[in-house]
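J.: Coordinates in target.pdb, PDB, C-alpha atoms, are listed below.
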```pdb
ATOM      1  CA  SER A   1     -69.928  36.297  -4.990
ATOM      2  CA  LEU A   2     -67.318  38.998  -5.353
ATOM      3  CA  GLN A   3     -68.309  40.507  -1.993
ATOM      4  CA  SER A   4     -68.301  37.196  -0.142
ATOM      5  CA  ALA A   5     -64.770  36.307  -1.239
ATOM      6  CA  PRO A   6     -62.888  38.537   1.256
ATOM      7  CA  LYS A   7     -64.990  37.314   4.203
ATOM      8  CA  PRO A   8     -63.499  33.831   4.580
ATOM      9  CA  LYS A   9     -60.080  35.358   3.973
ATOM     10  CA  PHE A  10     -60.666  37.818   6.816
ATOM     11  CA  THR A  11     -62.032  35.203   9.230
ATOM     12  CA  PHE A  12     -59.200  32.815   8.319
ATOM     13  CA  SER A  13     -56.536  35.360   9.083
ATOM     14  CA  GLN A  14     -58.337  36.262  12.306
ATOM     15  CA  LYS A  15     -58.417  32.609  13.356
ATOM     16  CA  HIS A  16     -54.773  32.258  12.428
ATOM     17  CA  LYS A  17     -53.988  35.348  14.487
ATOM     18  CA  ASN A  18     -55.804  34.016  17.544
ATOM     19  CA  LYS A  19     -54.076  30.665  17.164
ATOM     20  CA  SER A  20     -50.668  32.283  17.064
ATOM     21  CA  LYS A  21     -51.560  34.356  20.111
ATOM     22  CA  SER A  22     -52.417  31.279  22.160
ATOM     23  CA  ASN A  23     -49.112  29.696  21.089
ATOM     24  CA  SER A  24     -47.041  32.829  21.593
ATOM     25  CA  PRO A  25     -44.884  31.609  24.561
ATOM     26  CA  LYS A  26     -43.876  28.515  22.552
ATOM     27  CA  LYS A  27     -43.273  30.636  19.450
ATOM     28  CA  GLU A  28     -41.156  33.066  21.471
ATOM     29  CA  GLN A  29     -39.141  30.136  22.781
ATOM     30  CA  GLU A  30     -38.620  28.856  19.228
ATOM     31  CA  ASN A  31     -37.586  32.322  18.064
ATOM     32  CA  LYS A  32     -35.128  32.614  20.946
ATOM     33  CA  THR A  33     -33.676  29.198  20.072
ATOM     34  CA  ASP A  34     -33.348  30.276  16.421
ATOM     35  CA  GLU A  35     -31.651  33.516  17.514
ATOM     36  CA  LYS A  36     -29.244  31.576  19.732
ATOM     37  CA  GLU A  37     -28.414  29.210  16.852
ATOM     38  CA  THR A  38     -27.789  32.190  14.549
ATOM     39  CA  GLU A  39     -25.568  33.822  17.200
ATOM     40  CA  LYS A  40     -23.635  30.562  17.611
ATOM     41  CA  GLU A  41     -23.117  30.325  13.844
ATOM     42  CA  LYS A  42     -21.952  33.957  13.768
ATOM     43  CA  GLU A  43     -19.507  33.351  16.631
ATOM     44  CA  LYS A  44     -18.224  30.223  14.889
ATOM     45  CA  GLU A  45     -17.679  32.160  11.654
ATOM     46  CA  GLU A  46     -15.970  35.035  13.508
ATOM     47  CA  SER A  47     -13.607  32.712  15.422
ATOM     48  CA  SER A  48     -12.905  30.862  12.180
ATOM     49  CA  ASP A  49     -12.025  34.203  10.508
ATOM     50  CA  ILE A  50      -9.722  35.130  13.411
ATOM     51  CA  LEU A  51      -7.970  31.746  13.179
ATOM     52  CA  LYS A  52      -7.569  32.151   9.415
ATOM     53  CA  LYS A  53      -5.982  35.603   9.920
ATOM     54  CA  LEU A  54      -3.503  33.957  12.314
ATOM     55  CA  GLY A  55      -2.812  31.311   9.677
ATOM     56  CA  ILE A  56      -4.626  28.616  11.662
ATOM     57  CA  ASN A  57      -7.108  26.297  10.007
ATOM     58  CA  ASP A  58      -9.947  25.295  12.362
ATOM     59  CA  ASN A  59     -10.275  21.994  10.458
ATOM     60  CA  GLU A  60      -6.677  21.004  11.126
ATOM     61  CA  ILE A  61      -5.895  17.521  12.423
ATOM     62  CA  LYS A  62      -4.818  17.719  16.074
ATOM     63  CA  ILE A  63      -2.476  15.435  17.992
ATOM     64  CA  GLU A  64      -2.356  16.818  21.519
ATOM     65  CA  ASN A  65      -2.075  16.239  25.276
ATOM     66  CA  GLN A  66       0.002  13.044  25.097
ATOM     67  CA  ASN A  67       2.746  11.650  27.321
ATOM     68  CA  LEU A  68       4.952   8.639  26.463
ATOM     69  CA  ALA A  69       2.940   7.956  23.288
ATOM     70  CA  THR A  70       4.083   6.509  19.955
ATOM     71  CA  ILE A  71       1.869   7.811  17.157
ATOM     72  CA  TYR A  72       2.168   6.752  13.521
ATOM     73  CA  LYS A  73       0.147   8.344  10.702
ATOM     74  CA  GLU A  74       0.379   6.344   7.476
ATOM     75  CA  CYS A  75       0.336   7.576   3.885
ATOM     76  CA  GLY A  76      -3.185   8.758   2.974
ATOM     77  CA  SER A  77      -4.230   9.495   6.581
ATOM     78  CA  ILE A  78      -3.449  13.248   6.412
ATOM     79  CA  ASN A  79      -3.708  13.807   2.657
ATOM     80  CA  GLY A  80      -2.525  17.432   2.601
ATOM     81  CA  SER A  81      -4.550  18.627   5.629
ATOM     82  CA  ASP A  82      -3.076  21.061   8.153
ATOM     83  CA  VAL A  83      -1.771  19.455  11.352
ATOM     84  CA  CYS A  84      -1.285  20.766  14.895
ATOM     85  CA  LEU A  85       0.926  19.014  17.469
ATOM     86  CA  SER A  86       0.560  20.428  20.981
ATOM     87  CA  ASN A  87       1.284  19.583  24.619
ATOM     88  CA  LEU A  88       3.387  16.508  23.885
ATOM     89  CA  ILE A  89       5.975  15.091  26.313
ATOM     90  CA  ASN A  90       8.285  12.098  25.697
ATOM     91  CA  CYS A  91       6.454  11.187  22.488
ATOM     92  CA  THR A  92       7.537   9.691  19.164
ATOM     93  CA  ILE A  93       5.414  11.034  16.302
ATOM     94  CA  SER A  94       5.736   9.839  12.677
ATOM     95  CA  ILE A  95       3.564  11.477  10.009
ATOM     96  CA  CYS A  96       4.395   9.634   6.773
ATOM     97  CA  ASP A  97       2.187  11.691   4.484
ATOM     98  CA  ASN A  98       1.699  15.053   2.783
ATOM     99  CA  ILE A  99       0.877  17.928   5.155
ATOM    100  CA  GLY A 100      -0.547  21.360   4.269
ATOM    101  CA  ALA A 101       0.875  23.393   7.182
ATOM    102  CA  LEU A 102       2.268  22.098  10.483
ATOM    103  CA  ARG A 103       2.081  23.882  13.833
ATOM    104  CA  MET A 104       3.914  22.684  16.937
ATOM    105  CA  ASN A 105       3.294  24.108  20.383
ATOM    106  CA  ASN A 106       4.621  23.098  23.793
ATOM    107  CA  ILE A 107       6.727  20.070  22.834
ATOM    108  CA  LYS A 108       9.226  18.486  25.278
ATOM    109  CA  HIS A 109      11.573  15.485  24.908
ATOM    110  CA  CYS A 110       9.945  14.343  21.650
ATOM    111  CA  THR A 111      11.100  12.903  18.308
ATOM    112  CA  ILE A 112       8.938  14.055  15.403
ATOM    113  CA  LEU A 113       9.339  12.829  11.821
ATOM    114  CA  THR A 114       7.203  14.112   8.933
ATOM    115  CA  GLY A 115       6.858  13.947   5.190
ATOM    116  CA  PRO A 116       6.678  17.115   3.028
ATOM    117  CA  ILE A 117       4.836  20.194   4.364
ATOM    118  CA  SER A 118       3.586  22.144   1.334
ATOM    119  CA  SER A 119       3.592  25.514   3.147
ATOM    120  CA  SER A 120       5.193  26.175   6.540
ATOM    121  CA  LEU A 121       6.390  24.636   9.767
ATOM    122  CA  HIS A 122       5.622  26.974  12.677
ATOM    123  CA  VAL A 123       7.116  26.039  16.059
ATOM    124  CA  GLU A 124       6.336  27.680  19.428
ATOM    125  CA  TYR A 125       7.847  26.514  22.736
ATOM    126  CA  ILE A 126       9.852  23.383  22.124
ATOM    127  CA  GLU A 127      12.732  21.910  24.101
ATOM    128  CA  LYS A 128      15.069  18.894  24.154
ATOM    129  CA  SER A 129      13.519  17.383  21.011
ATOM    130  CA  THR A 130      14.535  16.211  17.521
ATOM    131  CA  ILE A 131      12.580  17.184  14.391
ATOM    132  CA  HIS A 132      12.916  15.591  10.921
ATOM    133  CA  SER A 133      10.891  17.543   8.394
ATOM    134  CA  ILE A 134      10.562  18.923   4.838
ATOM    135  CA  MET A 135       8.919  22.308   4.185
ATOM    136  CA  ARG A 136       8.885  25.489   2.124
ATOM    137  CA  GLN A 137       9.152  27.827   5.132
ATOM    138  CA  CYS A 138      10.277  27.340   8.716
ATOM    139  CA  ARG A 139       9.662  29.633  11.711
ATOM    140  CA  ILE A 140      10.911  28.650  15.175
ATOM    141  CA  HIS A 141      10.061  30.643  18.329
ATOM    142  CA  HIS A 142      10.986  29.958  21.972
ATOM    143  CA  CYS A 143      13.089  26.899  21.224
ATOM    144  CA  LYS A 144      15.770  25.385  23.500
ATOM    145  CA  ASP A 145      18.211  22.488  23.040
ATOM    146  CA  THR A 146      16.496  21.061  19.939
ATOM    147  CA  LYS A 147      17.832  19.509  16.725
ATOM    148  CA  PHE A 148      16.219  20.175  13.331
ATOM    149  CA  TYR A 149      17.088  17.825  10.457
ATOM    150  CA  ILE A 150      15.304  19.697   7.683
ATOM    151  CA  HIS A 151      14.894  20.328   3.976
ATOM    152  CA  VAL A 152      13.597  23.900   3.586
ATOM    153  CA  ASN A 153      13.196  26.099   0.475
ATOM    154  CA  SER A 154      13.610  29.467   2.240
ATOM    155  CA  GLU A 155      15.876  30.647   5.047
ATOM    156  CA  PRO A 156      14.726  29.267   8.424
ATOM    157  CA  VAL A 157      13.866  31.930  11.010
ATOM    158  CA  ILE A 158      14.503  31.595  14.748
ATOM    159  CA  GLU A 159      13.467  33.982  17.518
ATOM    160  CA  HIS A 160      13.796  33.944  21.348
ATOM    161  CA  SER A 161      15.700  30.666  21.080
ATOM    162  CA  ASP A 162      18.896  29.072  22.351
ATOM    163  CA  ASN A 163      21.015  26.052  21.348
ATOM    164  CA  VAL A 164      19.002  25.281  18.210
ATOM    165  CA  GLN A 165      20.941  22.865  15.987
ATOM    166  CA  PHE A 166      20.507  22.230  12.263
ATOM    167  CA  ALA A 167      21.408  19.501   9.768
ATOM    168  CA  PRO A 168      19.981  18.302   6.426
ATOM    169  CA  TYR A 169      16.938  15.976   6.321
ATOM    170  CA  ILE A 170      17.925  12.280   6.521
ATOM    171  CA  ALA A 171      14.607  10.521   7.218
ATOM    172  CA  LYS A 172      13.303   7.598   5.169
ATOM    173  CA  TYR A 173       9.939   5.881   4.774
ATOM    174  CA  PRO A 174       8.488   3.857   1.853
ATOM    175  CA  GLN A 175       6.175   6.528   0.292
ATOM    176  CA  LEU A 176       8.512   9.506   0.756
ATOM    177  CA  THR A 177       9.369   9.896  -2.969
ATOM    178  CA  GLN A 178       5.682   9.703  -3.894
ATOM    179  CA  ASN A 179       4.749  12.282  -1.180
ATOM    180  CA  TRP A 180       7.515  14.636  -2.291
ATOM    181  CA  GLU A 181       6.258  14.591  -5.896
ATOM    182  CA  LYS A 182       2.741  15.543  -4.691
ATOM    183  CA  SER A 183       4.014  18.436  -2.522
ATOM    184  CA  ASP A 184       4.943  22.040  -3.395
ATOM    185  CA  VAL A 185       8.425  21.678  -1.897
ATOM    186  CA  ASP A 186      11.333  22.059  -4.342
ATOM    187  CA  LYS A 187      13.606  19.050  -3.960
ATOM    188  CA  ASN A 188      16.621  20.929  -5.357
ATOM    189  CA  ILE A 189      16.630  23.865  -2.921
ATOM    190  CA  ASN A 190      17.656  23.274   0.690
ATOM    191  CA  GLN A 191      18.604  26.301   2.826
ATOM    192  CA  TRP A 192      18.812  24.373   6.111
ATOM    193  CA  ASP A 193      22.057  26.170   7.086
ATOM    194  CA  LYS A 194      21.043  29.756   6.103
ATOM    195  CA  VAL A 195      19.349  30.461   9.437
ATOM    196  CA  LYS A 196      18.135  33.982  10.292
ATOM    197  CA  ASP A 197      18.109  34.857  13.979
ATOM    198  CA  PHE A 198      15.734  37.782  14.586
ATOM    199  CA  ASN A 199      17.406  38.443  17.938
ATOM    200  CA  TRP A 200      20.919  38.796  16.470
ATOM    201  CA  PHE A 201      21.878  41.601  14.090
ATOM    202  CA  LYS A 202      25.700  41.492  14.214
ATOM    203  CA  GLN A 203      27.929  40.253  11.404
ATOM    204  CA  GLN A 204      29.325  37.413  13.533
ATOM    205  CA  GLN A 205      27.606  34.043  13.843
ATOM    206  CA  SER A 206      24.609  34.081  16.201
ATOM    207  CA  PRO A 207      25.330  32.295  19.512
ATOM    208  CA  HIS A 208      21.748  30.943  19.551
ATOM    209  CA  TRP A 209      22.087  28.337  16.792
ATOM    210  CA  ASN A 210      24.723  26.126  15.201
ATOM    211  CA  ILE A 211      25.254  23.428  12.583
ATOM    212  CA  ILE A 212      25.509  19.867  13.913
ATOM    213  CA  PRO A 213      29.032  18.622  13.081
ATOM    214  CA  GLU A 214      28.915  15.798  10.518
ATOM    215  CA  SER A 215      30.501  13.350  12.966
ATOM    216  CA  ASP A 216      27.650  13.998  15.459
ATOM    217  CA  ARG A 217      24.782  13.757  12.994
ATOM    218  CA  LEU A 218      22.390  10.845  12.717
ATOM    219  CA  LYS A 219      23.015   8.968   9.479
ATOM    220  CA  VAL A 220      19.361   8.035   8.903
ATOM    221  CA  ALA A 221      16.009   8.306  10.708
ATOM    222  CA  TYR A 222      13.096   5.902  10.241
ATOM    223  CA  ALA A 223       9.412   6.240  11.080
ATOM    224  CA  THR A 224       8.367   4.398  14.247
ATOM    225  CA  GLN A 225       5.124   2.431  14.005
ATOM    226  CA  GLU A 226       2.763   2.134  16.966
ATOM    227  CA  GLN A 227       2.791  -1.679  17.074
ATOM    228  CA  ASP A 228       6.541  -1.605  17.810
ATOM    229  CA  ASN A 229       5.557  -0.448  21.298
ATOM    230  CA  ASP A 230       3.098  -3.309  21.814
ATOM    231  CA  GLU A 231       5.759  -5.853  20.865
ATOM    232  CA  ASP A 232       8.148  -4.269  23.362
ATOM    233  CA  ASP A 233       5.483  -4.424  26.074
ATOM    234  CA  GLU A 234       4.950  -8.141  25.513
ATOM    235  CA  LEU A 235       8.599  -9.025  25.970
TER
END
```
So, in terms of structure tokens, how does the structure I just supplied come out?

T.:
Amino acid sequence: SLQSAPKPKFTFSQKHKNKSKSNSPKKEQENKTDEKETEKEKEKEESSDILKKLGINDNEIKIENQNLATIYKECGSINGSDVCLSNLINCTISICDNIGALRMNNIKHCTILTGPISSSLHVEYIEKSTIHSIMRQCRIHHCKDTKFYIHVNSEPVIEHSDNVQFAPYIAKYPQLTQNWEKSDVDKNINQWDKVKDFNWFKQQQSPHWNIIPESDRLKVAYATQEQDNDEDDEL
């Protein structure tokens, strides 16, 4: 009985071998599909790593490619996630919630109001717009003819910009106090007027930015809800 034991094992493996041979094209196809899936996963991970190095979260909430839109995000809809606003023209955006980090890119003729951003606001290519926002850090690149009503814990940085105007944050919405308490932004430190221009190294005031005179400032800014637009359309 000891000698007969290996025989069925041997014939079984032989059968199994033959079976796999007859199925080899299908198997190869499956293997190729598996390899492709693995490659896709690898690419996804690599691009995710690259984005992270650039300070971009691939899970960020995106509001993009809009014209003449009114968008309102209520308290609890963002919940500390990162947000990206891009390719917006003639839009009114209100984000009444906590944000992790906020990126803006290619914004024209827009009004954007946000609650507290626990890390940074990073702006690239913006013109003829008004921003109301709270953040720990603020970096503005390629900005023209835009007003920033901000509360910021560190000195705002501008680069490659012209006619950027600053004033303190004046926006209001019902859950603002609650959002501020949940954020990492210090309510007692606001350096909105301590702007650093990386294209200006002289002692004199940079010609690329200025403080909005008090008489020209908005007194208060409110969030705009989407249904306001519908009501207007019906009239």

J.: Need the shell around range 130-139 of chain A: protein/DNA/RNA residues with any atom at most 7 Å away, counting only C-alpha atoms. Skip same-chain ones fewer than 3 positions apart. Format as a list in words?

T.: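 The residues that qualify are Cys110, Thr111, Ile112, Leu113, Thr114, Gly115, Pro116, Ile117, Ser118, Ser119, Ser120, Leu121, His122, Val123, Thr146, Lys147, Phe148, Tyr149, Ile150, His151, Val152, Asn153, Ser154, Pro156, Val157, Ile158, Tyr169, Ala171 and Val185 of chain A.
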
J.: Closest to Ser161 in chain A among A:Cys143, A:Val220, A:Ile71, A:Ile93, using all atoms listed in the file?

T.: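 Once distances to Ser161 in chain A are computed over all atoms listed in the file, the minimum belongs to A:Cys143.
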
J.: One number please: CA of Asn98 in chain A to CA of Val83 in chain A, in Å, one decimal.

T.: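 Computing it gives 10.2 Å between the two atoms.
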
J.: To one decimal place, how far is CA of Gln204 in chain A from CA of Asp162 in chain A in Å?

T.: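 These atoms are spaced 16.0 Å apart.
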
J.: In the coordinate frame of the file, compute which residues have an atom within 8 Å of (8.0, 21.4, 29.2) when using all atoms listed in the file, and state them as a list in words.

T.: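 Those residues, ordered by chain and then number, are Ile89, Asn106, Ile107, Lys108, Ile126 and Glu127 of chain A.
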
J.: Can I get the selection written as a PDB file, in the frame of the given file, with C-alpha atoms?

T.:
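Result file follows (selection_12.pdb):
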```pdb
ATOM      1  CA  ILE A  89       5.975  15.091  26.313  1.00  0.00           C
ATOM      2  CA  ASN A 106       4.621  23.098  23.793  1.00  0.00           C
ATOM      3  CA  ILE A 107       6.727  20.070  22.834  1.00  0.00           C
ATOM      4  CA  LYS A 108       9.226  18.486  25.278  1.00  0.00           C
ATOM      5  CA  ILE A 126       9.852  23.383  22.124  1.00  0.00           C
ATOM      6  CA  GLU A 127      12.732  21.910  24.101  1.00  0.00           C
TER       7      GLU A 127
END
```

J.: Determine the nearest neighbour of Leu218 in chain A from the options A:Ile170, A:Cys91, A:Ile63, A:Val164, counting only C-alpha atoms.

T.: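 Closest residue, counting only C-alpha atoms: A:Ile170.
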
J.: Give the centre and edge lengths of an axis-aligned box, in Å to one decimal, that holds all listed atoms of range 73-80 of chain A with 8 Å on each side, as JSON.

T.:
```
{"center_x": -1.9, "center_y": 11.9, "center_z": 6.7, "size_x": 20.6, "size_y": 27.1, "size_z": 24.1}
```

J.: Would you work out the distance separating CA of Ala69 in chain A from CA of Leu88 in chain A, expressed in Å to one decimal?

T.: 8.6 Å

J.: Which residues match the PyMOL selection byres ((chain A and resi 211) around 8) in the file above, as JSON, numbers by chain?

T.: {"A": [165, 166, 167, 193, 209, 210, 212, 213]}

J.: Could the residues in this selection be written to a file with C-alpha atoms, as a CSV table (one decimal), in the coordinates of the input?

T.:
```csv
chain,number,residue,atom,x,y,z
A,165,GLN,CA,20.9,22.9,16.0
A,166,PHE,CA,20.5,22.2,12.3
A,167,ALA,CA,21.4,19.5,9.8
A,193,ASP,CA,22.1,26.2,7.1
A,209,TRP,CA,22.1,28.3,16.8
A,210,ASN,CA,24.7,26.1,15.2
A,212,ILE,CA,25.5,19.9,13.9
A,213,PRO,CA,29.0,18.6,13.1
```

J.: For Gly80 in chain A, which of A:Ile95, A:Leu176, A:Ala101, A:Leu68 is the closest residue, counting only C-alpha atoms?

T.: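 Residue with the minimum atom-to-atom distance to Gly80 in chain A: A:Ala101.
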
J.: Restricting the calculation to all atoms listed in the file: of A:Ser81, A:Asn105, A:Gln175, A:Asn59, which residue gets closest to His142 in chain A?

T.: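 Result for the nearest residue to His142 in chain A: A:Asn105.
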
J.: Point out the residue among A:Thr92, A:Gln225, A:Gly100, A:Gln203 with the least atom-to-atom distance to Glu60 in chain A, counting only C-alpha atoms.

T.: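 That would be A:Gly100, the residue with the smallest distance to Glu60 in chain A.
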